[in-house]
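Note: the block below is work35.pdb and it holds PDB, C-alpha atoms and all ligand atoms.
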```
MODEL        1
ATOM      1  CA  MET A   1      82.811 105.925  96.438
ATOM      2  CA  ARG A   2      84.177 106.086  99.991
ATOM      3  CA  VAL A   3      86.987 104.367 101.845
ATOM      4  CA  ILE A   4      86.469 102.796 105.250
ATOM      5  CA  SER A   5      89.064 101.036 107.369
ATOM      6  CA  THR A   6      89.817  99.136 110.534
ATOM      7  CA  GLU A   7      91.875 100.883 113.201
ATOM      8  CA  SER A   8      95.152  99.325 112.134
ATOM      9  CA  SER A   9      94.900 100.482 108.500
ATOM     10  CA  GLN A  10      93.813 104.094 109.039
ATOM     11  CA  ILE A  11      96.842 105.773 107.514
ATOM     12  CA  LEU A  12      96.933 103.586 104.416
ATOM     13  CA  ALA A  13      93.163 104.106 104.033
ATOM     14  CA  ALA A  14      93.571 107.891 104.150
ATOM     15  CA  ARG A  15      96.340 107.733 101.539
ATOM     16  CA  LEU A  16      94.178 105.465  99.404
ATOM     17  CA  ALA A  17      91.228 107.852  99.640
ATOM     18  CA  GLY A  18      93.599 110.637  98.540
ATOM     19  CA  GLU A  19      94.717 108.592  95.529
ATOM     20  CA  LEU A  20      91.108 107.745  94.630
ATOM     21  CA  GLY A  21      89.950 111.341  95.160
ATOM     22  CA  CYS A  22      87.169 110.265  97.516
ATOM     23  CA  SER A  23      86.392 110.726 101.183
ATOM     24  CA  LEU A  24      86.886 108.530 104.220
ATOM     25  CA  VAL A  25      84.062 107.121 106.291
ATOM     26  CA  ASP A  26      84.408 108.176 109.914
ATOM     27  CA  VAL A  27      84.255 105.126 112.170
ATOM     28  CA  ARG A  28      84.119 105.090 115.954
ATOM     29  CA  PHE A  29      85.725 102.068 117.561
ATOM     30  CA  SER A  30      85.287 100.947 121.134
ATOM     31  CA  ARG A  31      84.788  97.868 123.304
ATOM     32  CA  PHE A  32      81.962  96.531 125.374
ATOM     33  CA  PRO A  33      82.735  96.129 129.086
ATOM     34  CA  ASP A  34      83.398  92.408 128.518
ATOM     35  CA  GLY A  35      86.081  93.218 125.945
ATOM     36  CA  GLU A  36      84.068  92.490 122.799
ATOM     37  CA  LEU A  37      84.732  94.860 119.911
ATOM     38  CA  TYR A  38      82.200  97.451 118.794
ATOM     39  CA  LEU A  39      82.187  99.920 115.941
ATOM     40  CA  ARG A  40      79.829 102.385 114.372
ATOM     41  CA  ALA A  41      80.344 103.584 110.813
ATOM     42  CA  GLY A  42      79.363 107.026 109.548
ATOM     43  CA  GLN A  43      77.731 107.867 106.244
ATOM     44  CA  LEU A  44      78.391 105.247 103.558
ATOM     45  CA  ASP A  45      78.155 105.605  99.799
ATOM     46  CA  GLU A  46      76.801 103.254  97.144
ATOM     47  CA  ARG A  47      80.334 101.958  96.630
ATOM     48  CA  THR A  48      82.781 101.335  99.477
ATOM     49  CA  VAL A  49      86.395 100.244  99.621
ATOM     50  CA  VAL A  50      86.900  98.377 102.884
ATOM     51  CA  VAL A  51      90.563  98.334 103.977
ATOM     52  CA  GLY A  52      91.909  96.148 106.754
ATOM     53  CA  SER A  53      95.177  94.333 107.310
ATOM     54  CA  VAL A  54      94.922  91.243 109.456
ATOM     55  CA  THR A  55      97.843  91.514 111.858
ATOM     56  CA  SER A  56      96.014  90.248 114.934
ATOM     57  CA  ASN A  57      92.868  88.428 115.944
ATOM     58  CA  ASP A  58      91.233  91.735 116.910
ATOM     59  CA  ASP A  59      92.005  93.082 113.419
ATOM     60  CA  LEU A  60      90.212  90.131 111.925
ATOM     61  CA  VAL A  61      87.107  90.579 114.069
ATOM     62  CA  GLN A  62      87.079  94.324 113.408
ATOM     63  CA  LEU A  63      87.272  93.666 109.667
ATOM     64  CA  LEU A  64      84.387  91.183 109.841
ATOM     65  CA  LEU A  65      82.302  93.708 111.794
ATOM     66  CA  LEU A  66      83.178  96.447 109.325
ATOM     67  CA  LEU A  67      82.135  94.300 106.376
ATOM     68  CA  ASP A  68      78.816  93.594 108.051
ATOM     69  CA  ALA A  69      78.284  97.299 108.701
ATOM     70  CA  CYS A  70      78.846  97.897 104.964
ATOM     71  CA  ARG A  71      76.490  95.153 103.806
ATOM     72  CA  GLU A  72      74.155  97.546 101.968
ATOM     73  CA  SER A  73      76.955  99.048  99.911
ATOM     74  CA  SER A  74      78.733  97.555  96.927
ATOM     75  CA  CYS A  75      82.129  96.686  98.456
ATOM     76  CA  THR A  76      85.674  96.019  97.343
ATOM     77  CA  LEU A  77      87.730  94.530 100.149
ATOM     78  CA  ALA A  78      91.451  95.344 100.337
ATOM     79  CA  VAL A  79      93.463  93.150 102.709
ATOM     80  CA  PRO A  80      96.943  94.711 102.490
ATOM     81  CA  TYR A  81      98.496  92.168 104.870
ATOM     82  CA  MET A  82      96.741  88.890 105.298
ATOM     83  CA  GLY A  83      97.841  87.219 108.490
ATOM     84  CA  TYR A  84      97.527  83.441 108.740
ATOM     85  CA  ALA A  85      98.408  83.170 105.029
ATOM     86  CA  ARG A  86     101.671  81.409 105.880
ATOM     87  CA  GLN A  87      99.785  78.359 107.201
ATOM     88  CA  ASP A  88      98.753  77.539 103.652
ATOM     89  CA  LYS A  89      99.396  73.809 103.896
ATOM     90  CA  GLN A  90      98.583  71.128 106.364
ATOM     91  CA  PHE A  91     102.059  70.313 107.654
ATOM     92  CA  HIS A  92     100.923  67.849 110.364
ATOM     93  CA  PRO A  93      97.767  65.778 110.837
ATOM     94  CA  GLY A  94      95.112  67.622 112.783
ATOM     95  CA  GLU A  95      96.215  71.087 111.671
ATOM     96  CA  PRO A  96      93.808  73.549 110.091
ATOM     97  CA  LEU A  97      94.523  75.155 106.759
ATOM     98  CA  SER A  98      94.443  78.561 108.439
ATOM     99  CA  ALA A  99      94.787  80.542 105.198
ATOM    100  CA  ARG A 100      91.632  78.860 103.902
ATOM    101  CA  ALA A 101      89.719  79.506 107.125
ATOM    102  CA  ILE A 102      90.560  83.223 107.036
ATOM    103  CA  ALA A 103      89.896  83.574 103.294
ATOM    104  CA  ARG A 104      86.477  81.974 103.655
ATOM    105  CA  ALA A 105      85.578  84.089 106.672
ATOM    106  CA  LEU A 106      86.442  87.241 104.697
ATOM    107  CA  SER A 107      84.459  86.156 101.626
ATOM    108  CA  THR A 108      81.374  87.870 102.900
ATOM    109  CA  VAL A 109      79.600  91.071 101.820
ATOM    110  CA  ALA A 110      82.384  92.259  99.456
ATOM    111  CA  GLU A 111      82.148  91.572  95.744
ATOM    112  CA  GLU A 112      85.881  91.223  95.284
ATOM    113  CA  VAL A 113      89.085  91.153  97.304
ATOM    114  CA  ILE A 114      92.562  92.523  96.627
ATOM    115  CA  THR A 115      95.622  91.389  98.569
ATOM    116  CA  VAL A 116      99.178  92.755  98.508
ATOM    117  CA  ASN A 117     102.190  90.441  98.129
ATOM    118  CA  ILE A 118     100.282  87.581  99.655
ATOM    119  CA  HIS A 119     102.622  84.866 100.890
ATOM    120  CA  GLU A 120     101.430  82.331  98.263
ATOM    121  CA  GLU A 121      99.150  83.281  95.381
ATOM    122  CA  SER A 122      97.436  79.889  95.673
ATOM    123  CA  VAL A 123      95.793  81.194  98.871
ATOM    124  CA  LEU A 124      93.608  83.388  96.625
ATOM    125  CA  ASP A 125      91.784  80.233  95.500
ATOM    126  CA  HIS A 126      90.335  79.867  99.004
ATOM    127  CA  PHE A 127      88.292  83.059  98.730
ATOM    128  CA  THR A 128      84.817  82.378  97.429
ATOM    129  CA  ILE A 129      84.661  85.848  95.824
ATOM    130  CA  PRO A 130      86.932  87.014  92.947
ATOM    131  CA  ALA A 131      90.394  87.597  94.420
ATOM    132  CA  ARG A 132      93.563  89.116  93.017
ATOM    133  CA  ASN A 133      96.974  90.042  94.349
ATOM    134  CA  ILE A 134      99.213  93.011  93.585
ATOM    135  CA  SER A 135     102.964  93.288  94.092
ATOM    136  CA  LEU A 136     104.820  96.295  95.485
ATOM    137  CA  ALA A 137     108.120  95.235  93.862
ATOM    138  CA  GLU A 138     108.151  98.360  91.663
ATOM    139  CA  ASP A 139     107.381 100.554  94.688
ATOM    140  CA  VAL A 140     110.312  99.024  96.569
ATOM    141  CA  GLY A 141     112.421  99.872  93.501
ATOM    142  CA  GLU A 142     111.169 103.476  93.555
ATOM    143  CA  TYR A 143     111.958 103.685  97.273
ATOM    144  CA  LEU A 144     115.497 102.434  96.644
ATOM    145  CA  LYS A 145     115.925 105.070  93.932
ATOM    146  CA  ALA A 146     114.822 107.733  96.413
ATOM    147  CA  MET A 147     117.405 106.431  98.905
ATOM    148  CA  GLY A 148     120.019 107.283  96.297
ATOM    149  CA  LEU A 149     122.106 104.141  96.854
ATOM    150  CA  ALA A 150     124.927 103.889  94.343
ATOM    151  CA  ASP A 151     124.732 100.727  92.220
ATOM    152  CA  PRO A 152     123.137  98.456  94.870
ATOM    153  CA  LEU A 153     123.150  94.682  94.727
ATOM    154  CA  VAL A 154     119.564  93.534  95.351
ATOM    155  CA  LEU A 155     119.538  90.240  97.197
ATOM    156  CA  ALA A 156     116.606  87.977  97.957
ATOM    157  CA  PRO A 157     117.163  85.887 101.097
ATOM    158  CA  ASP A 158     116.216  82.631  99.373
ATOM    159  CA  GLU A 159     115.242  81.158  96.026
ATOM    160  CA  GLY A 160     111.539  81.569  96.835
ATOM    161  CA  ALA A 161     111.947  85.353  97.000
ATOM    162  CA  ALA A 162     114.232  85.552  93.937
ATOM    163  CA  ARG A 163     111.442  86.571  91.538
ATOM    164  CA  PHE A 164     110.463  89.437  93.852
ATOM    165  CA  GLY A 165     114.120  90.508  94.129
ATOM    166  CA  LYS A 166     114.537  90.524  90.342
ATOM    167  CA  ALA A 167     111.367  92.597  89.929
ATOM    168  CA  VAL A 168     112.674  95.135  92.470
ATOM    169  CA  ALA A 169     116.066  95.312  90.723
ATOM    170  CA  GLN A 170     114.451  95.848  87.334
ATOM    171  CA  SER A 171     113.298  99.343  88.396
ATOM    172  CA  GLY A 172     116.885 100.583  88.485
ATOM    173  CA  ARG A 173     118.508  97.955  86.258
ATOM    174  CA  TRP A 174     120.519  96.914  89.280
ATOM    175  CA  ASP A 175     122.240  93.581  89.853
ATOM    176  CA  ALA A 176     120.033  90.939  91.462
ATOM    177  CA  ASP A 177     120.797  87.604  93.036
ATOM    178  CA  HIS A 178     119.557  85.422  95.850
ATOM    179  CA  LEU A 179     121.296  83.913  98.831
ATOM    180  CA  GLN A 180     122.135  80.267  98.831
ATOM    181  CA  LYS A 181     122.651  78.223 101.960
ATOM    182  CA  THR A 182     125.429  75.663 102.124
ATOM    183  CA  ARG A 183     125.385  73.236 105.021
ATOM    184  CA  HIS A 184     128.952  72.270 106.029
ATOM    185  CA  SER A 185     128.010  70.225 109.074
ATOM    186  CA  GLY A 186     125.076  69.699 111.450
ATOM    187  CA  GLU A 187     125.635  73.160 112.891
ATOM    188  CA  GLU A 188     127.643  75.091 110.322
ATOM    189  CA  VAL A 189     125.728  76.787 107.541
ATOM    190  CA  THR A 190     126.971  79.581 105.295
ATOM    191  CA  MET A 191     124.907  81.914 103.163
ATOM    192  CA  LYS A 192     126.259  83.770 100.157
ATOM    193  CA  PRO A 193     124.937  85.172  96.904
ATOM    194  CA  LYS A 194     124.403  82.358  94.407
ATOM    195  CA  SER A 195     126.254  83.941  91.469
ATOM    196  CA  LEU A 196     127.543  87.405  92.403
ATOM    197  CA  CYS A 197     130.051  88.600  94.964
ATOM    198  CA  ALA A 198     129.037  90.857  97.875
ATOM    199  CA  GLU A 199     132.552  92.204  98.501
ATOM    200  CA  GLY A 200     132.655  95.999  98.334
ATOM    201  CA  ARG A 201     128.959  96.194  97.391
ATOM    202  CA  THR A 202     126.069  98.156  98.826
ATOM    203  CA  VAL A 203     123.671  95.300  99.483
ATOM    204  CA  VAL A 204     119.905  95.612  99.832
ATOM    205  CA  ILE A 205     118.137  92.489 101.080
ATOM    206  CA  VAL A 206     114.494  92.474  99.963
ATOM    207  CA  ASP A 207     111.732  90.149 101.086
ATOM    208  CA  ASP A 208     107.949  90.014 101.253
ATOM    209  CA  ILE A 209     107.831  89.687 105.041
ATOM    210  CA  ILE A 210     110.184  90.411 107.891
ATOM    211  CA  SER A 211     108.788  88.490 110.821
ATOM    212  CA  THR A 212     111.347  87.691 113.527
ATOM    213  CA  GLY A 213     114.144  89.028 111.337
ATOM    214  CA  GLY A 214     116.082  85.814 111.954
ATOM    215  CA  THR A 215     116.684  85.069 108.262
ATOM    216  CA  LEU A 216     117.923  88.577 107.479
ATOM    217  CA  ALA A 217     120.058  88.968 110.597
ATOM    218  CA  THR A 218     121.942  85.744 109.832
ATOM    219  CA  ALA A 219     122.370  86.780 106.201
ATOM    220  CA  ALA A 220     123.589  90.252 107.204
ATOM    221  CA  GLY A 221     126.311  88.833 109.453
ATOM    222  CA  MET A 222     127.582  86.598 106.674
ATOM    223  CA  LEU A 223     127.451  89.329 104.039
ATOM    224  CA  ALA A 224     129.463  91.594 106.332
ATOM    225  CA  ASP A 225     132.048  88.804 106.678
ATOM    226  CA  GLN A 226     132.131  88.564 102.881
ATOM    227  CA  GLY A 227     133.090  92.256 102.702
ATOM    228  CA  ALA A 228     129.774  93.949 101.855
ATOM    229  CA  ARG A 229     130.255  97.733 102.151
ATOM    230  CA  SER A 230     126.827  98.371 103.667
ATOM    231  CA  ILE A 231     123.682  96.325 104.197
ATOM    232  CA  HIS A 232     120.101  97.606 104.025
ATOM    233  CA  ALA A 233     116.790  95.760 104.283
ATOM    234  CA  VAL A 234     113.442  96.515 102.665
ATOM    235  CA  CYS A 235     110.325  94.389 102.880
ATOM    236  CA  VAL A 236     106.650  94.791 102.065
ATOM    237  CA  HIS A 237     105.104  93.594 105.323
ATOM    238  CA  GLY A 238     106.923  94.664 108.480
ATOM    239  CA  VAL A 239     105.518  92.094 110.894
ATOM    240  CA  LEU A 240     108.567  92.729 113.114
ATOM    241  CA  SER A 241     107.753  90.340 115.928
ATOM    242  CA  GLY A 242     109.919  89.642 118.969
ATOM    243  CA  GLY A 243     112.066  92.774 118.686
ATOM    244  CA  ALA A 244     112.936  92.137 115.031
ATOM    245  CA  TYR A 245     113.760  95.771 114.198
ATOM    246  CA  THR A 246     116.356  96.008 116.974
ATOM    247  CA  HIS A 247     117.641  92.539 116.132
ATOM    248  CA  LEU A 248     118.289  93.604 112.535
ATOM    249  CA  ARG A 249     119.886  96.929 113.439
ATOM    250  CA  ALA A 250     122.076  95.172 116.021
ATOM    251  CA  ALA A 251     123.100  92.712 113.296
ATOM    252  CA  GLY A 252     124.591  95.641 111.355
ATOM    253  CA  ILE A 253     121.756  96.422 108.936
ATOM    254  CA  LEU A 254     121.915 100.192 108.442
ATOM    255  CA  ASP A 255     118.232 100.718 107.784
ATOM    256  CA  VAL A 256     115.120  98.607 107.791
ATOM    257  CA  ALA A 257     112.094  99.773 105.817
ATOM    258  CA  CYS A 258     108.653  98.395 105.113
ATOM    259  CA  SER A 259     105.458  99.602 103.441
ATOM    260  CA  ASP A 260     102.287 100.748 105.188
ATOM    261  CA  THR A 261     100.467  97.421 104.692
ATOM    262  CA  ILE A 262     101.362  97.179 108.379
ATOM    263  CA  GLU A 263     101.663 100.694 109.800
ATOM    264  CA  ARG A 264     105.030 101.066 111.515
ATOM    265  CA  GLY A 265     107.505 103.747 112.412
ATOM    266  CA  CYS A 266     109.685 102.364 109.617
ATOM    267  CA  SER A 267     106.887 102.376 106.992
ATOM    268  CA  CYS A 268     108.767 104.331 104.335
ATOM    269  CA  TYR A 269     106.653 103.788 101.238
ATOM    270  CA  SER A 270     102.975 103.237 100.587
ATOM    271  CA  ALA A 271     100.779 100.612  98.971
ATOM    272  CA  ALA A 272      98.113 103.276  98.302
ATOM    273  CA  LYS A 273      99.005 104.192  94.728
ATOM    274  CA  ARG A 274      99.120 100.619  93.474
ATOM    275  CA  LEU A 275      95.942  99.676  95.345
ATOM    276  CA  ALA A 276      94.129 102.672  93.870
ATOM    277  CA  ALA A 277      95.270 101.705  90.380
ATOM    278  CA  GLU A 278      93.995  98.159  90.905
ATOM    279  CA  ILE A 279      90.656  99.318  92.339
ATOM    280  CA  THR A 280      89.985 101.624  89.393
ATOM    281  CA  ALA A 281      91.400  99.271  86.724
TER
HETATM  282  C1  LIG A 301     109.306  83.228 104.054
HETATM  283  O1  LIG A 301     108.911  82.478 103.207
HETATM  284  C2  LIG A 301     109.142  84.699 103.957
HETATM  285  O2  LIG A 301     109.333  85.161 102.654
HETATM  286  C3  LIG A 301     110.111  85.400 104.883
HETATM  287  O3  LIG A 301     111.433  85.145 104.425
HETATM  288  C4  LIG A 301     109.977  84.932 106.276
HETATM  289  O4  LIG A 301     108.662  85.038 106.700
HETATM  290  C5  LIG A 301     110.883  85.766 107.182
HETATM  291  O5  LIG A 301     110.790  85.258 108.480
HETATM  292  P1  LIG A 301     111.761  85.759 109.604
HETATM  293  O6  LIG A 301     111.786  87.261 109.537
HETATM  294  O7  LIG A 301     111.121  85.251 110.881
HETATM  295  O8  LIG A 301     113.100  85.166 109.379
ENDMDL
END
```
Please go through the file and, once you have read it, give me the structure as structure tokens.
Ligand code: R5P
Amino acid sequence: MRVISTESSQILAARLAGELGCSLVDVRFSRFPDGELYLRAGQLDERTVVVGSVTSNDDLVQLLLLLDACRESSCTLAVPYMGYARQDKQFHPGEPLSARAIARALSTVAEEVITVNIHEESVLDHFTIPARNISLAEDVGEYLKAMGLADPLVLAPDEGAARFGKAVAQSGRWDADHLQKTRHSGEEVTMKPKSLCAEGRTVVIVDDIISTGGTLATAAGMLADQGARSIHAVCVHGVLSGGAYTHLRAAGILDVACSDTIERGCSCYSAAKRLAAEITA
């Protein structure tokens, strides 16, 4: 077995190969003069794990090219971050179901696909090959333990993320809750923990994705007003668009961490171990 990856998932792929005890396939990436992507894969094995997060359109094309280059091998596809998964419904007439379009495009060559904390598990149904999703909630919990925070309050930013927050908190038997929005007027909205009190607590806000950071920055400001001692943020997928990292730090969040499903300077824990376990299960 060998592991091969797109350019944007090289580090995770190397960690995964380490966990699986196998080697990496060397791939050379370049562009044609007109800007089209080109790649050339080295020696493949009978079985290949193809790793590629879709964080941009180029990532997607590179992943499709990589799959085609691996067509003579028996492939497992790992898509650690699946972009476009958030457009999983048709919200307005004329819109595509983007998650379906991407899932179908990726259902080629590989015999199975594994995603990580996909936005909605129902998106898996759009793949035409067997698809399953793993959660890094336990890994977030392990990361929090390593941070050595004393008795943190784990907060999900909304009810939708509450299950993830509870799973994270379970690792350390910490308190868990989720934020609830109360609308006081057209413009005035407050956010506070649904059942617990943030006053004097070390708060860790956990979510699957930090995109613009808007949700977490607003929450952080309100938690500070409610007397939280310190506020930290950990997510799985650090999309971090539009200056989100700075936005969050400027909002008073002491540290912002994500996994390596999207490789960032603040990728503090890895999806490799859990992916390896799933691949060999
Ligand atoms: C939403 O359902 C997700 O779980 C995240 O809460 C959302 O994507 C975060 O977006 P932003 O960082 O732009 O507030």
**Study point:** Closest of A:Asp125, A:Asp208, A:Glu46, A:Asp158 to Lys192 (chain A) - atom-to-atom distances counting all atoms listed in the file
**Key:**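 Using all atoms listed in the file, Lys192 (chain A) sits closest to A:Asp158.
Between CA of Arg274 (chain A) and CA of Leu44 (chain A) there is a distance of 23.5 Å.
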* Can you list what the PyMOL selection byres (((chain A and resi 76) around 9) and not hetatm) grabs from this structure, as a ChimeraX atom specification? -> /A:47-51,74-75,77-78,110-114,279
- Pick the closest to Glu138 (chain A) from A:Gly35, A:Gly165, A:Gly238, A:Gly42: which is it, counting only C-alpha atoms?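 Among A:Gly35, A:Gly165, A:Gly238, A:Gly42, it is A:Gly165 that comes nearest to Glu138 (chain A).
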The distance between CA of Gln87 (chain A) and CA of Ala99 (chain A) is 5.8 Å
Compare A:Ser56, A:Gln170, A:Thr215, A:Thr261 by their minimum atom-to-atom distance to ligand LIG 301 (chain A), counting only C-alpha atoms and all ligand atoms, and give me the closest one.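 Closest to ligand LIG 301 (chain A), using only C-alpha atoms and all ligand atoms: A:Thr215.
Between Val239 (chain A) and the candidates A:Leu39, A:Ile4, A:Met82, A:Leu144, the tightest atom-to-atom separation, counting all atoms listed in the file, involves A:Met82.
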Using the chain letters and numbering of this document, enumerate as a compact mmCIF listing (two decimals) with C-alpha atoms, in the coordinates of the input the residues selected by the PyMOL selection byres (((chain A and resi 68) around 12) and not hetatm).
```
# COMPACT_ATOMS: atom_id res chain seq x y z
CA TYR A 38 82.20 97.45 118.79
CA LEU A 39 82.19 99.92 115.94
CA ARG A 40 79.83 102.38 114.37
CA ALA A 41 80.34 103.58 110.81
CA VAL A 50 86.90 98.38 102.88
CA VAL A 61 87.11 90.58 114.07
CA GLN A 62 87.08 94.32 113.41
CA LEU A 63 87.27 93.67 109.67
CA LEU A 64 84.39 91.18 109.84
CA LEU A 65 82.30 93.71 111.79
CA LEU A 66 83.18 96.45 109.32
CA LEU A 67 82.14 94.30 106.38
CA ALA A 69 78.28 97.30 108.70
CA CYS A 70 78.85 97.90 104.96
CA ARG A 71 76.49 95.15 103.81
CA GLU A 72 74.16 97.55 101.97
CA SER A 73 76.96 99.05 99.91
CA SER A 74 78.73 97.56 96.93
CA CYS A 75 82.13 96.69 98.46
CA LEU A 77 87.73 94.53 100.15
CA ALA A 105 85.58 84.09 106.67
CA LEU A 106 86.44 87.24 104.70
CA SER A 107 84.46 86.16 101.63
CA THR A 108 81.37 87.87 102.90
CA VAL A 109 79.60 91.07 101.82
CA ALA A 110 82.38 92.26 99.46
```
